[in-house]
file run-v5.pdb (PDB, C-alpha atoms and all ligand atoms)
ATOM      1  CA  MET O   1     406.228 186.082 147.612
ATOM      2  CA  THR O   2     409.394 184.595 149.016
ATOM      3  CA  ASP O   3     410.185 181.679 151.247
ATOM      4  CA  LEU O   4     407.704 181.528 154.126
ATOM      5  CA  THR O   5     409.632 178.925 156.035
ATOM      6  CA  LYS O   6     413.177 180.147 155.845
ATOM      7  CA  ASN O   7     413.281 181.373 159.421
ATOM      8  CA  ALA O   8     412.114 178.071 160.828
ATOM      9  CA  GLU O   9     414.650 176.731 163.282
ATOM     10  CA  PRO O  10     416.587 173.720 162.035
ATOM     11  CA  GLU O  11     415.200 170.457 163.369
ATOM     12  CA  ALA O  12     416.845 167.086 163.547
ATOM     13  CA  PRO O  13     415.560 165.330 160.442
ATOM     14  CA  VAL O  14     412.754 162.861 161.052
ATOM     15  CA  GLU O  15     411.473 160.246 158.650
ATOM     16  CA  PHE O  16     407.864 161.192 159.383
ATOM     17  CA  MET O  17     406.578 164.546 160.524
ATOM     18  CA  VAL O  18     403.325 162.868 161.576
ATOM     19  CA  ARG O  19     402.846 159.230 162.389
ATOM     20  CA  ALA O  20     399.519 157.871 163.601
ATOM     21  CA  GLU O  21     399.173 154.275 164.695
ATOM     22  CA  ASN O  22     395.743 152.840 165.331
ATOM     23  CA  VAL O  23     394.408 156.113 166.740
ATOM     24  CA  HIS O  24     391.079 155.845 168.500
ATOM     25  CA  LYS O  25     388.963 158.659 169.853
ATOM     26  CA  SER O  26     385.570 158.488 171.507
ATOM     27  CA  PHE O  27     383.276 161.099 172.953
ATOM     28  CA  GLY O  28     381.322 159.304 175.630
ATOM     29  CA  ARG O  29     380.055 156.152 173.975
ATOM     30  CA  THR O  30     380.420 157.528 170.446
ATOM     31  CA  GLU O  31     383.514 156.257 168.725
ATOM     32  CA  VAL O  32     384.570 158.968 166.292
ATOM     33  CA  LEU O  33     387.999 157.670 165.215
ATOM     34  CA  LYS O  34     388.134 153.922 164.792
ATOM     35  CA  GLY O  35     391.792 153.177 164.240
ATOM     36  CA  ILE O  36     393.563 155.744 162.069
ATOM     37  CA  ASP O  37     396.948 154.840 160.593
ATOM     38  CA  LEU O  38     398.867 157.326 158.499
ATOM     39  CA  GLN O  39     402.232 158.933 157.938
ATOM     40  CA  VAL O  40     403.141 162.371 156.662
ATOM     41  CA  ARG O  41     406.695 162.922 155.496
ATOM     42  CA  PRO O  42     408.556 166.187 156.014
ATOM     43  CA  GLY O  43     407.592 168.594 153.250
ATOM     44  CA  GLU O  44     404.504 166.596 152.310
ATOM     45  CA  VAL O  45     401.104 168.201 151.758
ATOM     46  CA  MET O  46     398.390 165.759 152.784
ATOM     47  CA  CYS O  47     394.813 166.643 151.957
ATOM     48  CA  VAL O  48     392.128 165.045 154.096
ATOM     49  CA  VAL O  49     388.672 164.842 152.588
ATOM     50  CA  GLY O  50     385.425 163.165 153.476
ATOM     51  CA  PRO O  51     381.813 163.784 154.393
ATOM     52  CA  SER O  52     380.758 165.954 157.294
ATOM     53  CA  GLY O  53     380.962 164.066 160.577
ATOM     54  CA  SER O  54     383.551 161.569 159.365
ATOM     55  CA  GLY O  55     386.091 162.650 161.997
ATOM     56  CA  LYS O  56     388.419 164.911 160.006
ATOM     57  CA  SER O  57     388.425 167.791 162.494
ATOM     58  CA  THR O  58     388.680 165.429 165.426
ATOM     59  CA  PHE O  59     391.719 163.806 163.890
ATOM     60  CA  LEU O  60     393.477 167.141 163.294
ATOM     61  CA  ARG O  61     392.631 168.147 166.859
ATOM     62  CA  CYS O  62     394.198 164.893 168.093
ATOM     63  CA  VAL O  63     397.352 165.559 166.067
ATOM     64  CA  ASN O  64     397.544 168.947 167.762
ATOM     65  CA  HIS O  65     396.707 167.394 171.125
ATOM     66  CA  LEU O  66     393.650 169.611 171.514
ATOM     67  CA  GLU O  67     391.937 166.263 172.079
ATOM     68  CA  LYS O  68     393.385 163.335 173.975
ATOM     69  CA  ILE O  69     393.274 160.049 172.131
ATOM     70  CA  ASN O  70     391.789 156.945 173.775
ATOM     71  CA  GLY O  71     393.934 154.416 171.979
ATOM     72  CA  GLY O  72     396.895 154.113 169.653
ATOM     73  CA  ARG O  73     399.831 156.445 169.339
ATOM     74  CA  LEU O  74     400.593 159.707 167.614
ATOM     75  CA  TRP O  75     404.017 161.144 166.915
ATOM     76  CA  VAL O  76     404.674 164.641 165.634
ATOM     77  CA  ASN O  77     408.172 165.614 164.578
ATOM     78  CA  GLY O  78     409.510 162.469 166.183
ATOM     79  CA  ARG O  79     407.856 163.044 169.535
ATOM     80  CA  LEU O  80     405.116 160.907 171.042
ATOM     81  CA  MET O  81     402.317 163.399 171.646
ATOM     82  CA  GLY O  82     401.170 163.732 175.231
ATOM     83  CA  TYR O  83     403.200 160.878 176.643
ATOM     84  CA  ARG O  84     406.625 159.793 177.682
ATOM     85  CA  GLU O  85     407.613 156.192 177.187
ATOM     86  CA  LYS O  86     409.639 154.603 179.925
ATOM     87  CA  ASN O  87     410.388 150.908 180.427
ATOM     88  CA  GLY O  88     407.678 150.030 177.930
ATOM     89  CA  ARG O  89     405.021 152.031 179.794
ATOM     90  CA  LEU O  90     403.409 155.327 178.893
ATOM     91  CA  TYR O  91     403.280 158.232 181.288
ATOM     92  CA  GLU O  92     401.189 161.309 180.627
ATOM     93  CA  LEU O  93     403.132 164.502 180.189
ATOM     94  CA  ARG O  94     402.418 167.541 182.312
ATOM     95  CA  ASP O  95     400.478 170.445 180.773
ATOM     96  CA  ARG O  96     403.664 172.456 180.440
ATOM     97  CA  GLU O  97     405.374 169.644 178.526
ATOM     98  CA  VAL O  98     402.356 169.199 176.270
ATOM     99  CA  ALA O  99     402.327 172.938 175.558
ATOM    100  CA  GLU O 100     405.983 172.670 174.624
ATOM    101  CA  GLN O 101     405.231 169.844 172.149
ATOM    102  CA  ARG O 102     402.327 171.756 170.650
ATOM    103  CA  ARG O 103     404.575 174.678 169.761
ATOM    104  CA  ASP O 104     405.837 172.687 166.778
ATOM    105  CA  ILE O 105     402.347 172.794 165.295
ATOM    106  CA  GLY O 106     400.474 175.693 163.747
ATOM    107  CA  MET O 107     396.744 175.450 163.178
ATOM    108  CA  VAL O 108     394.359 177.438 161.036
ATOM    109  CA  PHE O 109     390.628 176.981 161.515
ATOM    110  CA  GLN O 110     387.565 177.559 159.389
ATOM    111  CA  ARG O 111     386.717 180.611 161.482
ATOM    112  CA  PHE O 112     389.639 182.938 161.591
ATOM    113  CA  ASN O 113     389.804 183.229 165.388
ATOM    114  CA  LEU O 114     391.783 186.460 165.372
ATOM    115  CA  PHE O 115     391.808 188.571 168.504
ATOM    116  CA  PRO O 116     389.260 191.282 167.626
ATOM    117  CA  HIS O 117     390.823 193.967 169.820
ATOM    118  CA  MET O 118     394.264 193.611 168.236
ATOM    119  CA  THR O 119     395.521 194.851 164.878
ATOM    120  CA  ALA O 120     396.752 192.406 162.250
ATOM    121  CA  LEU O 121     400.315 193.088 163.355
ATOM    122  CA  GLU O 122     399.498 192.649 167.060
ATOM    123  CA  ASN O 123     397.730 189.366 166.279
ATOM    124  CA  VAL O 124     400.853 188.030 164.580
ATOM    125  CA  MET O 125     403.121 189.285 167.366
ATOM    126  CA  GLU O 126     401.051 187.974 170.244
ATOM    127  CA  ALA O 127     402.223 184.359 170.567
ATOM    128  CA  PRO O 128     405.962 184.899 170.024
ATOM    129  CA  LEU O 129     405.897 187.703 172.573
ATOM    130  CA  ARG O 130     403.856 185.856 175.176
ATOM    131  CA  VAL O 131     405.093 182.296 174.669
ATOM    132  CA  LYS O 132     408.589 182.637 173.294
ATOM    133  CA  LYS O 133     409.322 185.856 175.140
ATOM    134  CA  ARG O 134     411.375 187.142 172.256
ATOM    135  CA  PRO O 135     412.479 190.798 172.184
ATOM    136  CA  LYS O 136     409.693 193.026 170.886
ATOM    137  CA  ALA O 137     411.668 194.633 168.041
ATOM    138  CA  GLU O 138     412.677 191.250 166.696
ATOM    139  CA  VAL O 139     409.114 189.915 166.946
ATOM    140  CA  ARG O 140     407.752 193.002 165.191
ATOM    141  CA  ALA O 141     410.243 192.716 162.321
ATOM    142  CA  ARG O 142     409.398 189.063 161.826
ATOM    143  CA  ALA O 143     405.625 189.754 162.008
ATOM    144  CA  GLU O 144     405.921 192.517 159.412
ATOM    145  CA  GLU O 145     407.855 190.179 157.165
ATOM    146  CA  LEU O 146     405.199 187.462 157.526
ATOM    147  CA  LEU O 147     402.374 189.902 156.789
ATOM    148  CA  GLU O 148     404.237 191.039 153.722
ATOM    149  CA  ARG O 149     404.570 187.454 152.577
ATOM    150  CA  VAL O 150     400.835 186.823 152.854
ATOM    151  CA  GLY O 151     400.308 190.022 150.879
ATOM    152  CA  LEU O 152     399.100 192.211 153.743
ATOM    153  CA  ALA O 153     401.961 194.607 154.434
ATOM    154  CA  ASP O 154     399.610 197.563 153.931
ATOM    155  CA  ARG O 155     397.030 196.142 156.340
ATOM    156  CA  LYS O 156     399.133 195.655 159.442
ATOM    157  CA  GLY O 157     397.395 198.434 161.383
ATOM    158  CA  ASN O 158     393.896 197.191 160.592
ATOM    159  CA  TYR O 159     391.660 195.437 163.095
ATOM    160  CA  PRO O 160     390.018 192.166 162.026
ATOM    161  CA  SER O 161     386.653 193.901 161.586
ATOM    162  CA  GLN O 162     388.287 196.138 158.963
ATOM    163  CA  LEU O 163     389.519 193.158 156.934
ATOM    164  CA  SER O 164     387.752 190.816 154.535
ATOM    165  CA  GLY O 165     387.412 187.163 155.436
ATOM    166  CA  GLY O 166     390.211 186.268 153.034
ATOM    167  CA  GLN O 167     392.492 188.884 154.567
ATOM    168  CA  GLN O 168     391.641 187.708 158.073
ATOM    169  CA  GLN O 169     392.447 184.140 157.133
ATOM    170  CA  ARG O 170     395.803 185.240 155.697
ATOM    171  CA  VAL O 171     396.545 187.029 158.977
ATOM    172  CA  ALA O 172     395.639 183.795 160.766
ATOM    173  CA  ILE O 173     398.165 181.933 158.606
ATOM    174  CA  ALA O 174     400.860 184.548 159.322
ATOM    175  CA  ARG O 175     400.035 184.301 163.020
ATOM    176  CA  ALA O 176     400.486 180.517 162.996
ATOM    177  CA  LEU O 177     403.773 180.858 161.083
ATOM    178  CA  ALA O 178     405.098 183.340 163.628
ATOM    179  CA  MET O 179     405.779 180.447 165.983
ATOM    180  CA  ASP O 180     407.994 178.765 163.383
ATOM    181  CA  PRO O 181     405.994 175.531 163.324
ATOM    182  CA  ALA O 182     407.358 172.350 161.801
ATOM    183  CA  LEU O 183     403.837 171.318 160.817
ATOM    184  CA  MET O 184     400.800 173.315 159.740
ATOM    185  CA  LEU O 185     397.264 172.001 160.134
ATOM    186  CA  PHE O 186     394.408 173.584 158.180
ATOM    187  CA  ASP O 187     390.817 172.698 159.002
ATOM    188  CA  GLU O 188     388.633 173.811 156.093
ATOM    189  CA  PRO O 189     390.428 177.149 155.899
ATOM    190  CA  THR O 190     388.323 178.435 153.009
ATOM    191  CA  SER O 191     384.911 176.986 153.864
ATOM    192  CA  ALA O 192     383.649 180.125 155.583
ATOM    193  CA  LEU O 193     384.796 182.464 152.809
ATOM    194  CA  ASP O 194     382.826 184.078 150.016
ATOM    195  CA  PRO O 195     383.799 182.290 146.789
ATOM    196  CA  GLU O 196     385.734 185.253 145.388
ATOM    197  CA  LEU O 197     388.038 185.242 148.458
ATOM    198  CA  VAL O 198     388.942 181.555 148.389
ATOM    199  CA  GLY O 199     391.688 181.921 145.783
ATOM    200  CA  GLU O 200     393.832 184.395 147.725
ATOM    201  CA  VAL O 201     393.975 182.050 150.724
ATOM    202  CA  LEU O 202     394.670 178.961 148.622
ATOM    203  CA  SER O 203     397.485 180.755 146.823
ATOM    204  CA  VAL O 204     399.165 181.637 150.126
ATOM    205  CA  MET O 205     398.854 177.971 151.117
ATOM    206  CA  GLN O 206     400.251 176.890 147.767
ATOM    207  CA  GLN O 207     403.242 179.186 148.266
ATOM    208  CA  LEU O 208     403.770 177.776 151.744
ATOM    209  CA  ALA O 209     403.733 174.262 150.305
ATOM    210  CA  ALA O 210     406.202 175.264 147.589
ATOM    211  CA  ASP O 211     408.505 176.607 150.304
ATOM    212  CA  GLY O 212     408.586 173.135 151.829
ATOM    213  CA  MET O 213     406.176 173.360 154.763
ATOM    214  CA  THR O 214     404.663 170.076 155.935
ATOM    215  CA  MET O 215     400.904 170.472 155.861
ATOM    216  CA  MET O 216     397.732 168.548 156.635
ATOM    217  CA  VAL O 217     394.774 170.213 154.985
ATOM    218  CA  VAL O 218     391.145 169.287 155.520
ATOM    219  CA  THR O 219     389.414 170.726 152.488
ATOM    220  CA  HIS O 220     386.646 170.356 149.956
ATOM    221  CA  GLU O 221     388.758 172.177 147.371
ATOM    222  CA  MET O 222     389.538 169.279 145.074
ATOM    223  CA  GLY O 223     391.459 171.527 142.669
ATOM    224  CA  PHE O 224     393.844 172.376 145.504
ATOM    225  CA  ALA O 225     394.137 168.694 146.456
ATOM    226  CA  ARG O 226     394.980 167.800 142.877
ATOM    227  CA  GLU O 227     397.411 170.650 142.197
ATOM    228  CA  VAL O 228     399.126 171.051 145.555
ATOM    229  CA  GLY O 229     398.532 167.812 147.458
ATOM    230  CA  ASP O 230     401.192 165.116 147.560
ATOM    231  CA  SER O 231     398.756 162.692 149.116
ATOM    232  CA  LEU O 232     395.046 162.444 149.680
ATOM    233  CA  VAL O 233     393.229 160.647 152.458
ATOM    234  CA  PHE O 234     389.532 159.918 152.192
ATOM    235  CA  MET O 235     387.848 159.415 155.565
ATOM    236  CA  ASP O 236     384.361 158.175 156.261
ATOM    237  CA  ASP O 237     382.772 157.228 159.546
ATOM    238  CA  GLY O 238     386.000 157.344 161.551
ATOM    239  CA  VAL O 239     388.173 155.270 159.260
ATOM    240  CA  ILE O 240     390.463 155.918 156.311
ATOM    241  CA  VAL O 241     388.628 154.375 153.392
ATOM    242  CA  GLU O 242     391.211 155.139 150.748
ATOM    243  CA  GLN O 243     394.467 157.024 150.321
ATOM    244  CA  GLY O 244     397.056 157.680 147.663
ATOM    245  CA  ASP O 245     398.267 160.179 145.121
ATOM    246  CA  PRO O 246     395.503 162.804 144.792
ATOM    247  CA  ARG O 247     395.486 162.586 140.999
ATOM    248  CA  ASP O 248     395.028 158.807 141.117
ATOM    249  CA  VAL O 249     392.405 158.818 143.837
ATOM    250  CA  LEU O 250     390.432 161.614 142.183
ATOM    251  CA  ALA O 251     390.603 160.049 138.742
ATOM    252  CA  ASN O 252     390.021 156.490 139.897
ATOM    253  CA  PRO O 253     388.418 156.217 143.319
ATOM    254  CA  SER O 254     388.439 152.527 144.132
ATOM    255  CA  HIS O 255     385.892 152.529 146.941
ATOM    256  CA  PRO O 256     382.160 153.116 146.356
ATOM    257  CA  ARG O 257     381.977 155.596 149.242
ATOM    258  CA  THR O 258     384.825 157.642 147.767
ATOM    259  CA  ARG O 259     383.142 157.585 144.375
ATOM    260  CA  GLU O 260     379.852 158.713 145.830
ATOM    261  CA  PHE O 261     381.526 161.556 147.738
ATOM    262  CA  PHE O 262     383.471 162.817 144.719
ATOM    263  CA  SER O 263     380.342 162.712 142.558
ATOM    264  CA  LYS O 264     378.860 165.274 144.967
ATOM    265  CA  VAL O 265     381.814 167.633 145.419
ATOM    266  CA  LEU O 266     383.448 167.596 142.002
TER     267      LEU O 266
HETATM  268  P1  LIG R 301     384.240 166.317 160.413
HETATM  269  O1  LIG R 301     385.274 167.342 160.727
HETATM  270  O2  LIG R 301     384.713 165.246 159.492
HETATM  271  O3  LIG R 301     382.968 166.932 159.917
HETATM  272  P2  LIG R 301     384.185 165.916 163.268
HETATM  273  O4  LIG R 301     385.509 165.411 163.635
HETATM  274  O5  LIG R 301     383.883 167.344 163.534
HETATM  275  O6  LIG R 301     383.863 165.551 161.753
HETATM  276  O7  LIG R 301     383.084 165.092 164.016
HETATM  277  C1  LIG R 301     383.021 163.683 163.962
HETATM  278  C2  LIG R 301     381.940 163.198 164.913
HETATM  279  O8  LIG R 301     382.357 163.465 166.248
HETATM  280  C3  LIG R 301     380.604 163.902 164.751
HETATM  281  O9  LIG R 301     379.591 162.935 164.897
HETATM  282  C4  LIG R 301     380.579 164.887 165.886
HETATM  283  O10 LIG R 301     379.265 165.125 166.304
HETATM  284  C5  LIG R 301     381.377 164.188 166.954
HETATM  285  N1  LIG R 301     382.063 165.121 167.859
HETATM  286  C6  LIG R 301     383.054 165.965 167.509
HETATM  287  N2  LIG R 301     383.495 166.673 168.570
HETATM  288  C7  LIG R 301     382.744 166.259 169.628
HETATM  289  C8  LIG R 301     382.705 166.597 171.019
HETATM  290  N3  LIG R 301     383.543 167.504 171.537
HETATM  291  N4  LIG R 301     381.815 165.954 171.789
HETATM  292  C9  LIG R 301     380.975 165.027 171.271
HETATM  293  N5  LIG R 301     380.961 164.656 169.978
HETATM  294  C10 LIG R 301     381.837 165.261 169.161
HETATM  295 MG    MG R 302     385.290 169.395 160.456
END
call {"tool": "encode", "arguments": {"input": "run-v5.pdb", "output": "structure tokens"}}
result
Amino acid sequence: MTDLTKNAEPEAPVEFMVRAENVHKSFGRTEVLKGIDLQVRPGEVMCVVGPSGSGKSTFLRCVNHLEKINGGRLWVNGRLMGYREKNGRLYELRDREVAEQRRDIGMVFQRFNLFPHMTALENVMEAPLRVKKRPKAEVRARAEELLERVGLADRKGNYPSQLSGGQQQRVAIARALAMDPALMLFDEPTSALDPELVGEVLSVMQQLAADGMTMMVVTHEMGFAREVGDSLVFMDDGVIVEQGDPRDVLANPSHPRTREFFSKVL
């Protein structure tokens, strides 16, 4: 496989691709994120781990502005998500402006979420055609190239129901890449897969990381975190309990809750 990111448009360099400052999120009276602070540098692969219900998905959804935060600030690619700052005050952006910001971010979910009535190729072409309004021939060429890079050139005419879970997830990755994101978010991308299909998805993600993509990956695959991750964040009950180099954290978890969690998943 070759460089998956080479067609990404050049961006002004930022120090942090993601910066979260004291991010709070509640649903009703339930506080799910209780002050999250983190930074992800361009090209970094951050793995986010932690028990079910700790707020991992909610945090990724906040980064992608699928959820509005109740406190703190979140920047992606140098832009304050959802708001404009003027004279020290924050003003909410319009839906159209939020949609524009979200185009920098690709997301891959546990369930593949492909359009069932479209072929693999049509799934990958859909967003650039509809959102970017690029010429169809150009979009098709790029989609074919992306499918080839995730190892599915021979499957472009297949519908999702004709593909394995691992193949569908690779189409989902190609589809996210078709928008040339600066940041890719993965929320347990292999958790719904049969064990024998996990490896093919992880290897596409590993290639993407090697090509320099900035990634946040919620995963229980500790081998991936150790081999591919540049940083690891352990979350529990809406806070970051511990973070650092994955090899250090995995070998020497300093917090009892981290130790207990690793003893169950490793
Ligand atoms: P994780 O991904 O770490 O398993 P989640 O972010 O999915 O955790 O969930 C964290 C907590 O937030 C859970 O208690 C969950 O029930 C709650 N939660 C998540 N989304 C919603 C929602 N839309 N409405 C109400 N509660 C939610
Ligand atoms: Mg989750």
call {"tool": "closest_residue", "arguments": {"input": "run-v5.pdb", "among": "O:Pro246, O:Pro51, O:Gly43, O:Pro195", "to": "ligand LIG 301 (chain R)", "atoms": "all atoms listed in the file"}}
result
O:Pro51
call {"tool": "resolve_selection", "arguments": {"input": "run-v5.pdb", "expression": "the PyMOL selection byres (((chain O and resi 244) around 6) and not hetatm)", "output": "CSV table (one decimal) with C-alpha atoms, keeping the file's coordinate frame"}}
result
chain,number,residue,atom,x,y,z
O,231,SER,CA,398.8,162.7,149.1
O,232,LEU,CA,395.0,162.4,149.7
O,243,GLN,CA,394.5,157.0,150.3
O,245,ASP,CA,398.3,160.2,145.1
call {"tool": "resolve_selection", "arguments": {"input": "run-v5.pdb", "expression": "the PyMOL selection byres (((not hetatm)) within 6 of (chain R and resi 301))", "output": "PyMOL selection string"}}
result
chain O and resi 27+32+52-58
call {"tool": "atom_distance", "arguments": {"input": "run-v5.pdb", "atom1": "atom CA of O:Met46", "atom2": "atom CA of O:Gly28"}}
result
29.2 Å
call {"tool": "closest_atom_pairs", "arguments": {"input": "run-v5.pdb", "of": "stretch 151-178 of chain O", "to": "stretch 202-211 of chain O", "cutoff": "10 Å", "atoms": "all atoms listed in the file", "output": "CSV"}}
result
residue,atom,partner,partner_atom,distance
O:Gly151,CA,O:Val204,CA,8.5
O:Gly166,CA,O:Leu202,CA,9.6
O:Arg170,CA,O:Val204,CA,7.4
O:Ile173,CA,O:Met205,CA,8.5
O:Ala174,CA,O:Val204,CA,9.8
O:Leu177,CA,O:Leu208,CA,9.8
call {"tool": "closest_atom_pairs", "arguments": {"input": "run-v5.pdb", "of": "stretch 19-83 of chain O", "to": "stretch 99-107 of chain O", "cutoff": "10 Å", "atoms": "only C-alpha atoms", "output": "JSON lines"}}
result
{"residue": "O:Leu60", "atom": "CA", "partner": "O:Met107", "partner_atom": "CA", "distance": 8.9}
{"residue": "O:Arg61", "atom": "CA", "partner": "O:Met107", "partner_atom": "CA", "distance": 9.2}
{"residue": "O:Val63", "atom": "CA", "partner": "O:Ile105", "partner_atom": "CA", "distance": 8.8}
{"residue": "O:Asn64", "atom": "CA", "partner": "O:Arg102", "partner_atom": "CA", "distance": 6.3}
{"residue": "O:His65", "atom": "CA", "partner": "O:Arg102", "partner_atom": "CA", "distance": 7.1}
{"residue": "O:Leu66", "atom": "CA", "partner": "O:Arg102", "partner_atom": "CA", "distance": 9.0}
{"residue": "O:Val76", "atom": "CA", "partner": "O:Asp104", "partner_atom": "CA", "distance": 8.2}
{"residue": "O:Asn77", "atom": "CA", "partner": "O:Asp104", "partner_atom": "CA", "distance": 7.8}
{"residue": "O:Arg79", "atom": "CA", "partner": "O:Gln101", "partner_atom": "CA", "distance": 7.7}
{"residue": "O:Leu80", "atom": "CA", "partner": "O:Gln101", "partner_atom": "CA", "distance": 9.0}
{"residue": "O:Met81", "atom": "CA", "partner": "O:Gln101", "partner_atom": "CA", "distance": 7.1}
{"residue": "O:Gly82", "atom": "CA", "partner": "O:Gln101", "partner_atom": "CA", "distance": 8.0}
call {"tool": "residues_around", "arguments": {"input": "run-v5.pdb", "residues": "O:Val218", "least_positions_apart": "5", "cutoff": "7 Å", "atoms": "only C-alpha atoms", "output": "ChimeraX atom specification"}}
result
/O:47-49,56,186-188
call {"tool": "closest_residue", "arguments": {"input": "run-v5.pdb", "among": "O:Arg73, O:Lys34, O:Arg259, O:Arg134", "to": "O:Val18", "atoms": "only C-alpha atoms"}}
result
O:Arg73
call {"tool": "atom_distance", "arguments": {"input": "run-v5.pdb", "atom1": "atom CA of O:Val131", "atom2": "atom CA of O:Leu183"}}
result
17.7 Å
call {"tool": "closest_residue", "arguments": {"input": "run-v5.pdb", "among": "O:Arg130, O:Lys156, O:Arg175, O:Arg111", "to": "ligand MG 302 (chain R)", "atoms": "all atoms listed in the file"}}
result
O:Arg111
call {"tool": "atom_distance", "arguments": {"input": "run-v5.pdb", "atom1": "atom CA of O:Glu97", "atom2": "atom CA of O:Leu74"}}
result
15.5 Å
call {"tool": "closest_residue", "arguments": {"input": "run-v5.pdb", "among": "O:Leu197, O:Ala192, O:Ala251, O:Leu38", "to": "ligand MG 302 (chain R)", "atoms": "all atoms listed in the file"}}
result
O:Ala192
